[in-house]
Amino acid sequence: MSRLLIVDGHAVIHRAYHSIPKLTSNGQVVNAVYGFYSMLLSAIDQLHPKYVIVCSDSPGPNFRNEEYLGYRSKRSVPDQDLVRQFPIIESSLTQSTIPVFSMGGYEADDLIATLARQAVTKKSKKTKKKFVNLVTIITGDKDLMQLVDRHTQLLMPVRGLSEIKIITPKEVKQKLNVHPDQVVDLKALMGDSSDSYPGVQGIGPKGATTLLNKYQNLDNIYRHLDEITPPAKEKLEKGKEDAYLSQKLATLVYNVPIHISLKSAKWDSSKESALLEQFKLFNFKSLINRLQNLNPDLKPSRSTPSSDPNQGSLF
């Protein structure tokens, strides 16, 4: 099994920050740094990926803000102790030559969708075999459930950072009561309070899943309005514009103009050695032990920052 591991940078870092008590090193707060790499090591130990990359949001607005001015407008300002750890993680990833992708105007989710699709379609010119058979995405973001299929799965924390779970199409159905290819239309009907877009006012989770289980998708729901009970029909008619706006906002982009280099993404001892050096700088003794358990022959070595033109600033 040849696996690509994609880390949803911001989602994992936010999760780490809020899951681990305040931790300092050299006068800096580093609990998010510690938690980020703790989750990464857990995934590597559990999954043994052949390739590893990180995707992240870029500063500033993206195309969804242009489509809908209220997009994410209600999100709170992050703690400064968290903000100050962003460049620390950026620097440590660069020093460890772990590829990082970001692009202005798009969210990390769009980059993840694009690169995951690229990875599972790449084939060797010589053997015609796929380089990557399976993509696993570390994230806490349910929006990415729309990507789940037989080639793509999520690795999501269940409780803090200590328990993680593989999310396949079966788990998506169990958790949301819809299939992965219906997740976007579920959000179109329900809206999304965390991203501040509307959906259809008065249609909640139960009503949305009932409609989708019967009519499969948003277009089909609107084709069969005359079959729907009057109260729900009225809400759908009144909220049609918001439903299709929300559908557009929820749909991930698969053609962001970036390209994956599996050669630079290959996980090997040079990256482990560079990470070991970073962990020693932070005095992360438990992470040092875990990394050395993965590879007892490791020795720290100075790494050279990657020059991959597709890589951007993490934050």
# chains A, B, ... in the order shown; residues from 1 in each chain; ligands from 1

call {"tool": "select_by_dssp", "arguments": {"residues": "region 69-284 of chain A", "states": "strand (DSSP E or B)", "output": "compact mmCIF listing (two decimals) with C-alpha atoms, in the first residue's frame"}}
result
# COMPACT_ATOMS: atom_id res chain seq x y z
CA VAL A 100 4.01 22.85 2.63
CA PHE A 101 1.37 24.15 0.22
CA GLY A 105 -7.42 33.20 -2.71
CA LYS A 123 0.88 6.85 -12.78
CA LYS A 130 -0.30 4.39 -9.54
CA LEU A 134 -4.61 5.82 -0.78
CA VAL A 135 -4.71 9.36 0.58
CA THR A 136 -5.24 9.93 4.31
CA ILE A 137 -5.97 13.46 5.55
CA ILE A 138 -5.33 14.43 9.18
CA ASP A 149 -14.21 7.66 -1.12
CA THR A 152 -9.44 8.97 0.23
CA GLN A 153 -10.05 8.78 3.97
CA LEU A 154 -9.82 11.11 6.95
CA LEU A 155 -7.93 10.64 10.20
CA MET A 156 -9.86 12.64 12.79
CA PRO A 157 -9.28 13.21 16.50
CA VAL A 158 -12.20 11.88 18.53
CA ARG A 159 -11.22 13.14 21.98
CA GLU A 163 -7.84 9.13 20.32
CA ILE A 164 -8.02 9.26 16.53
CA LYS A 165 -10.31 7.50 14.10
CA ILE A 166 -10.18 6.59 10.42
CA ILE A 167 -13.20 7.98 8.55
CA ASP A 192 -22.96 26.28 8.50
CA TYR A 197 -23.43 30.94 5.61
CA LYS A 266 8.72 11.16 0.19

call {"tool": "select_by_dssp", "arguments": {"residues": "region 46-284 of chain A", "states": "helix (DSSP H, G or I)", "output": "PyMOL selection string"}}
result
chain A and resi 46-47+63-67+80-83+86-95+108-121+142-147+169-176+180-190+205-215+218-223+225-227+230-238+240-250+262-265+269-282

call {"tool": "write_last_selection", "arguments": {"atoms": "C-alpha atoms", "output": "mmCIF file, in the first residue's frame"}}
result
data_model
loop_
_atom_site.group_PDB
_atom_site.id
_atom_site.type_symbol
_atom_site.label_atom_id
_atom_site.label_comp_id
_atom_site.auth_asym_id
_atom_site.auth_seq_id
_atom_site.Cartn_x
_atom_site.Cartn_y
_atom_site.Cartn_z
ATOM 1 C CA GLN A 46 -0.105 4.058 12.680
ATOM 2 C CA LEU A 47 -0.216 4.417 8.889
ATOM 3 C CA PHE A 63 -12.882 33.595 -3.308
ATOM 4 C CA ARG A 64 -15.665 32.592 -0.879
ATOM 5 C CA ASN A 65 -15.415 35.998 0.808
ATOM 6 C CA GLU A 66 -16.030 37.562 -2.596
ATOM 7 C CA GLU A 67 -19.066 35.345 -3.173
ATOM 8 C CA GLN A 80 -2.046 35.600 20.646
ATOM 9 C CA ASP A 81 -0.283 32.612 22.249
ATOM 10 C CA LEU A 82 -1.592 30.573 19.309
ATOM 11 C CA VAL A 83 -0.769 33.191 16.667
ATOM 12 C CA PHE A 86 2.368 29.812 13.572
ATOM 13 C CA PRO A 87 5.811 31.005 12.375
ATOM 14 C CA ILE A 88 7.522 28.546 14.734
ATOM 15 C CA ILE A 89 5.758 25.632 13.070
ATOM 16 C CA GLU A 90 6.378 27.148 9.634
ATOM 17 C CA SER A 91 10.097 27.365 10.312
ATOM 18 C CA SER A 92 10.350 23.857 11.747
ATOM 19 C CA LEU A 93 8.539 22.355 8.746
ATOM 20 C CA THR A 94 10.810 24.216 6.347
ATOM 21 C CA GLN A 95 13.923 23.096 8.227
ATOM 22 C CA ALA A 108 -6.368 24.701 2.652
ATOM 23 C CA ASP A 109 -9.405 22.480 1.991
ATOM 24 C CA ASP A 110 -9.272 23.389 -1.716
ATOM 25 C CA LEU A 111 -5.561 22.588 -1.886
ATOM 26 C CA ILE A 112 -6.166 19.281 -0.129
ATOM 27 C CA ALA A 113 -8.932 18.372 -2.599
ATOM 28 C CA THR A 114 -6.719 19.278 -5.565
ATOM 29 C CA LEU A 115 -3.593 17.472 -4.364
ATOM 30 C CA ALA A 116 -5.465 14.374 -3.187
ATOM 31 C CA ARG A 117 -7.009 13.980 -6.631
ATOM 32 C CA GLN A 118 -3.663 14.566 -8.344
ATOM 33 C CA ALA A 119 -1.967 11.995 -6.154
ATOM 34 C CA VAL A 120 -4.383 9.128 -6.816
ATOM 35 C CA THR A 121 -4.331 9.722 -10.576
ATOM 36 C CA LYS A 142 -16.041 17.797 8.835
ATOM 37 C CA ASP A 143 -16.174 19.769 5.574
ATOM 38 C CA LEU A 144 -13.557 17.381 4.224
ATOM 39 C CA MET A 145 -15.957 14.454 4.565
ATOM 40 C CA GLN A 146 -17.109 15.322 1.045
ATOM 41 C CA LEU A 147 -13.730 14.011 -0.202
ATOM 42 C CA PRO A 169 -17.592 6.287 3.539
ATOM 43 C CA LYS A 170 -19.245 3.995 6.094
ATOM 44 C CA GLU A 171 -18.310 6.290 9.001
ATOM 45 C CA VAL A 172 -19.507 9.380 7.102
ATOM 46 C CA LYS A 173 -22.902 7.751 6.634
ATOM 47 C CA GLN A 174 -23.046 6.743 10.303
ATOM 48 C CA LYS A 175 -22.055 10.202 11.540
ATOM 49 C CA LEU A 176 -24.041 12.458 9.191
ATOM 50 C CA PRO A 180 -19.949 11.626 1.217
ATOM 51 C CA ASP A 181 -21.239 12.865 -2.147
ATOM 52 C CA GLN A 182 -24.258 14.356 -0.330
ATOM 53 C CA VAL A 183 -22.276 16.316 2.278
ATOM 54 C CA VAL A 184 -22.197 19.506 0.202
ATOM 55 C CA ASP A 185 -25.977 19.457 -0.291
ATOM 56 C CA LEU A 186 -26.479 18.723 3.400
ATOM 57 C CA LYS A 187 -24.605 21.940 4.175
ATOM 58 C CA ALA A 188 -26.528 23.731 1.428
ATOM 59 C CA LEU A 189 -29.771 22.917 3.238
ATOM 60 C CA MET A 190 -28.592 23.301 6.846
ATOM 61 C CA PRO A 205 -30.228 18.331 10.335
ATOM 62 C CA LYS A 206 -33.210 15.978 10.552
ATOM 63 C CA GLY A 207 -35.177 17.708 7.816
ATOM 64 C CA ALA A 208 -32.126 17.994 5.552
ATOM 65 C CA THR A 209 -31.122 14.336 5.870
ATOM 66 C CA THR A 210 -34.726 13.192 5.361
ATOM 67 C CA LEU A 211 -34.916 15.173 2.125
ATOM 68 C CA LEU A 212 -31.551 13.939 0.866
ATOM 69 C CA ASN A 213 -32.264 10.307 1.713
ATOM 70 C CA LYS A 214 -35.457 10.554 -0.343
ATOM 71 C CA TYR A 215 -34.358 12.802 -3.231
ATOM 72 C CA LEU A 218 -30.401 19.489 -3.971
ATOM 73 C CA ASP A 219 -31.429 19.718 -7.636
ATOM 74 C CA ASN A 220 -33.725 16.726 -7.276
ATOM 75 C CA ILE A 221 -35.302 18.197 -4.130
ATOM 76 C CA TYR A 222 -36.248 21.328 -6.056
ATOM 77 C CA ARG A 223 -37.543 19.264 -8.989
ATOM 78 C CA LEU A 225 -41.170 20.461 -4.540
ATOM 79 C CA ASP A 226 -44.810 19.587 -5.246
ATOM 80 C CA GLU A 227 -44.325 16.262 -3.424
ATOM 81 C CA PRO A 230 -46.387 22.506 2.563
ATOM 82 C CA PRO A 231 -44.354 23.840 5.540
ATOM 83 C CA ALA A 232 -41.066 22.426 4.188
ATOM 84 C CA LYS A 233 -41.986 23.368 0.616
ATOM 85 C CA GLU A 234 -42.543 26.983 1.639
ATOM 86 C CA LYS A 235 -39.174 27.140 3.428
ATOM 87 C CA LEU A 236 -37.399 25.626 0.423
ATOM 88 C CA GLU A 237 -39.034 28.019 -2.020
ATOM 89 C CA LYS A 238 -38.200 31.025 0.114
ATOM 90 C CA LYS A 240 -33.719 28.601 -2.734
ATOM 91 C CA GLU A 241 -31.210 31.353 -3.462
ATOM 92 C CA ASP A 242 -29.494 30.862 -0.111
ATOM 93 C CA ALA A 243 -29.449 27.082 -0.633
ATOM 94 C CA TYR A 244 -27.564 27.352 -3.922
ATOM 95 C CA LEU A 245 -25.255 30.027 -2.557
ATOM 96 C CA SER A 246 -24.444 27.755 0.399
ATOM 97 C CA GLN A 247 -23.887 24.834 -1.974
ATOM 98 C CA LYS A 248 -21.339 26.895 -3.901
ATOM 99 C CA LEU A 249 -19.556 27.980 -0.717
ATOM 100 C CA ALA A 250 -19.409 24.408 0.610
ATOM 101 C CA LEU A 262 5.966 13.070 -4.787
ATOM 102 C CA LYS A 263 9.755 13.038 -4.888
ATOM 103 C CA SER A 264 9.968 15.974 -2.459
ATOM 104 C CA ALA A 265 7.090 14.546 -0.391
ATOM 105 C CA SER A 269 15.265 9.147 7.294
ATOM 106 C CA SER A 270 16.570 12.566 6.239
ATOM 107 C CA LYS A 271 13.269 14.163 7.223
ATOM 108 C CA GLU A 272 13.204 12.166 10.452
ATOM 109 C CA SER A 273 16.742 13.302 11.282
ATOM 110 C CA ALA A 274 15.860 16.921 10.610
ATOM 111 C CA LEU A 275 12.758 16.611 12.795
ATOM 112 C CA LEU A 276 14.835 15.050 15.547
ATOM 113 C CA GLU A 277 17.029 18.143 15.543
ATOM 114 C CA GLN A 278 13.953 20.389 15.786
ATOM 115 C CA PHE A 279 12.596 18.377 18.716
ATOM 116 C CA LYS A 280 15.922 18.725 20.511
ATOM 117 C CA LEU A 281 15.839 22.495 20.032
ATOM 118 C CA PHE A 282 12.403 22.573 21.693
#

call {"tool": "residues_around", "arguments": {"residues": "Ser102 (chain A)", "least_positions_apart": "3", "cutoff": "12 Å", "atoms": "only C-alpha atoms", "output": "PyMOL selection string"}}
result
chain A and resi 8-10+53-60+62+90+99+105-112+114-115+256-260+309-315

call {"tool": "write_last_selection", "arguments": {"atoms": "N, CA and C atoms", "output": "short mmCIF file (atom, residue, chain, number, x, y, z; two decimals), in the first residue's frame"}}
result
data_model
loop_
_atom_site.label_atom_id
_atom_site.label_comp_id
_atom_site.auth_asym_id
_atom_site.auth_seq_id
_atom_site.Cartn_x
_atom_site.Cartn_y
_atom_site.Cartn_z
N ASP A 8 -3.88 18.73 7.37
CA ASP A 8 -4.65 19.97 7.29
C ASP A 8 -4.09 20.91 8.36
N GLY A 9 -3.12 21.74 7.95
CA GLY A 9 -2.29 22.49 8.89
C GLY A 9 -3.04 23.27 9.95
N HIS A 10 -3.87 24.22 9.54
CA HIS A 10 -4.55 25.07 10.52
C HIS A 10 -5.49 24.27 11.41
N ILE A 53 2.76 15.56 3.20
CA ILE A 53 2.74 16.98 2.90
C ILE A 53 1.82 17.70 3.89
N VAL A 54 1.93 19.02 3.94
CA VAL A 54 1.08 19.86 4.78
C VAL A 54 0.41 20.89 3.89
N CYS A 55 -0.87 21.13 4.10
CA CYS A 55 -1.60 22.20 3.40
C CYS A 55 -2.11 23.20 4.41
N SER A 56 -2.13 24.47 4.01
CA SER A 56 -2.54 25.49 4.97
C SER A 56 -3.26 26.64 4.29
N ASP A 57 -4.07 27.34 5.09
CA ASP A 57 -4.71 28.57 4.63
C ASP A 57 -3.66 29.66 4.44
N SER A 58 -3.95 30.58 3.54
CA SER A 58 -3.12 31.76 3.36
C SER A 58 -3.77 32.96 4.04
N PRO A 59 -2.98 33.96 4.40
CA PRO A 59 -3.58 35.16 5.00
C PRO A 59 -4.49 35.86 3.99
N GLY A 60 -5.45 36.60 4.49
CA GLY A 60 -6.30 37.41 3.63
C GLY A 60 -7.53 36.68 3.13
N ASN A 62 -10.43 34.90 0.64
CA ASN A 62 -10.40 33.95 -0.47
C ASN A 62 -11.65 34.15 -1.32
N GLU A 90 5.95 26.93 11.01
CA GLU A 90 6.38 27.15 9.63
C GLU A 90 7.88 26.90 9.48
N PRO A 99 7.17 19.22 2.67
CA PRO A 99 6.53 20.15 1.74
C PRO A 99 5.27 20.79 2.33
N GLY A 105 -6.13 33.29 -2.05
CA GLY A 105 -7.42 33.20 -2.71
C GLY A 105 -8.12 31.87 -2.52
N TYR A 106 -7.42 30.89 -1.94
CA TYR A 106 -7.99 29.57 -1.71
C TYR A 106 -7.78 29.16 -0.26
N GLU A 107 -8.60 28.23 0.19
CA GLU A 107 -8.44 27.66 1.52
C GLU A 107 -7.63 26.37 1.45
N ALA A 108 -7.12 25.96 2.60
CA ALA A 108 -6.37 24.70 2.65
C ALA A 108 -7.21 23.53 2.14
N ASP A 109 -8.52 23.56 2.44
CA ASP A 109 -9.40 22.48 1.99
C ASP A 109 -9.38 22.32 0.47
N ASP A 110 -9.32 23.44 -0.26
CA ASP A 110 -9.27 23.39 -1.72
C ASP A 110 -7.96 22.78 -2.20
N LEU A 111 -6.86 23.15 -1.53
CA LEU A 111 -5.56 22.59 -1.89
C LEU A 111 -5.54 21.09 -1.62
N ILE A 112 -6.12 20.70 -0.48
CA ILE A 112 -6.17 19.28 -0.13
C ILE A 112 -6.96 18.51 -1.18
N THR A 114 -7.48 19.29 -4.32
CA THR A 114 -6.72 19.28 -5.56
C THR A 114 -5.57 18.27 -5.52
N LEU A 115 -4.77 18.32 -4.45
CA LEU A 115 -3.59 17.47 -4.36
C LEU A 115 -3.95 16.01 -4.13
N VAL A 256 -7.14 23.85 -8.21
CA VAL A 256 -6.23 24.92 -7.80
C VAL A 256 -4.92 24.76 -8.58
N PRO A 257 -4.34 25.84 -9.10
CA PRO A 257 -3.14 25.71 -9.94
C PRO A 257 -1.87 25.42 -9.13
N ILE A 258 -1.82 24.26 -8.52
CA ILE A 258 -0.63 23.78 -7.82
C ILE A 258 -0.40 22.33 -8.25
N HIS A 259 0.80 21.84 -8.02
CA HIS A 259 1.13 20.48 -8.45
C HIS A 259 1.97 19.80 -7.39
N ILE A 260 1.66 18.55 -7.14
CA ILE A 260 2.37 17.80 -6.12
C ILE A 260 3.64 17.19 -6.69
N PRO A 309 9.03 25.04 -5.91
CA PRO A 309 8.31 26.29 -6.23
C PRO A 309 6.84 26.24 -5.89
N ASN A 310 6.28 25.07 -5.68
CA ASN A 310 4.86 24.96 -5.36
C ASN A 310 4.59 25.21 -3.89
N GLN A 311 5.63 25.26 -3.08
CA GLN A 311 5.44 25.44 -1.66
C GLN A 311 5.36 26.92 -1.32
N GLY A 312 4.42 27.28 -0.45
CA GLY A 312 4.28 28.66 -0.03
C GLY A 312 4.44 28.78 1.46
N SER A 313 4.22 29.97 1.96
CA SER A 313 4.28 30.20 3.40
C SER A 313 3.15 29.44 4.09
N LEU A 314 3.45 28.80 5.20
CA LEU A 314 2.41 28.05 5.93
C LEU A 314 1.39 29.02 6.48
N PHE A 315 1.82 30.11 7.02
CA PHE A 315 0.86 31.07 7.59
C PHE A 315 1.14 32.43 6.95
#

call {"tool": "atom_distance", "arguments": {"atom1": "CA of Tyr34 (chain A)", "atom2": "CA of Arg3 (chain A)"}}
result
24.3 Å

call {"tool": "residues_around", "arguments": {"residues": "Ser25 (chain A)", "least_positions_apart": "2", "cutoff": "9 Å", "atoms": "only C-alpha atoms", "output": "PDB file with C-alpha atoms, in the first residue's frame"}}
result
ATOM      1  CA  LEU A  23       3.789  24.490  27.500  1.00  0.00           C
ATOM      2  CA  GLY A  27      10.513  31.379  26.894  1.00  0.00           C
ATOM      3  CA  GLN A  28       8.051  30.614  24.090  1.00  0.00           C
ATOM      4  CA  VAL A  29       4.629  29.003  24.353  1.00  0.00           C
ATOM      5  CA  VAL A  30       4.828  25.830  22.239  1.00  0.00           C
ATOM      6  CA  LEU A 281      15.839  22.495  20.032  1.00  0.00           C
ATOM      7  CA  PHE A 282      12.403  22.573  21.693  1.00  0.00           C
ATOM      8  CA  ASN A 283      13.439  19.996  24.317  1.00  0.00           C
ATOM      9  CA  PHE A 284      10.470  17.793  23.345  1.00  0.00           C
TER      10      PHE A 284
END

call {"tool": "closest_residue", "arguments": {"among": "A:Ile13, A:Thr229, A:Ile203, A:Gly104", "to": "Asp141 (chain A)", "atoms": "only C-alpha atoms"}}
result
A:Ile13
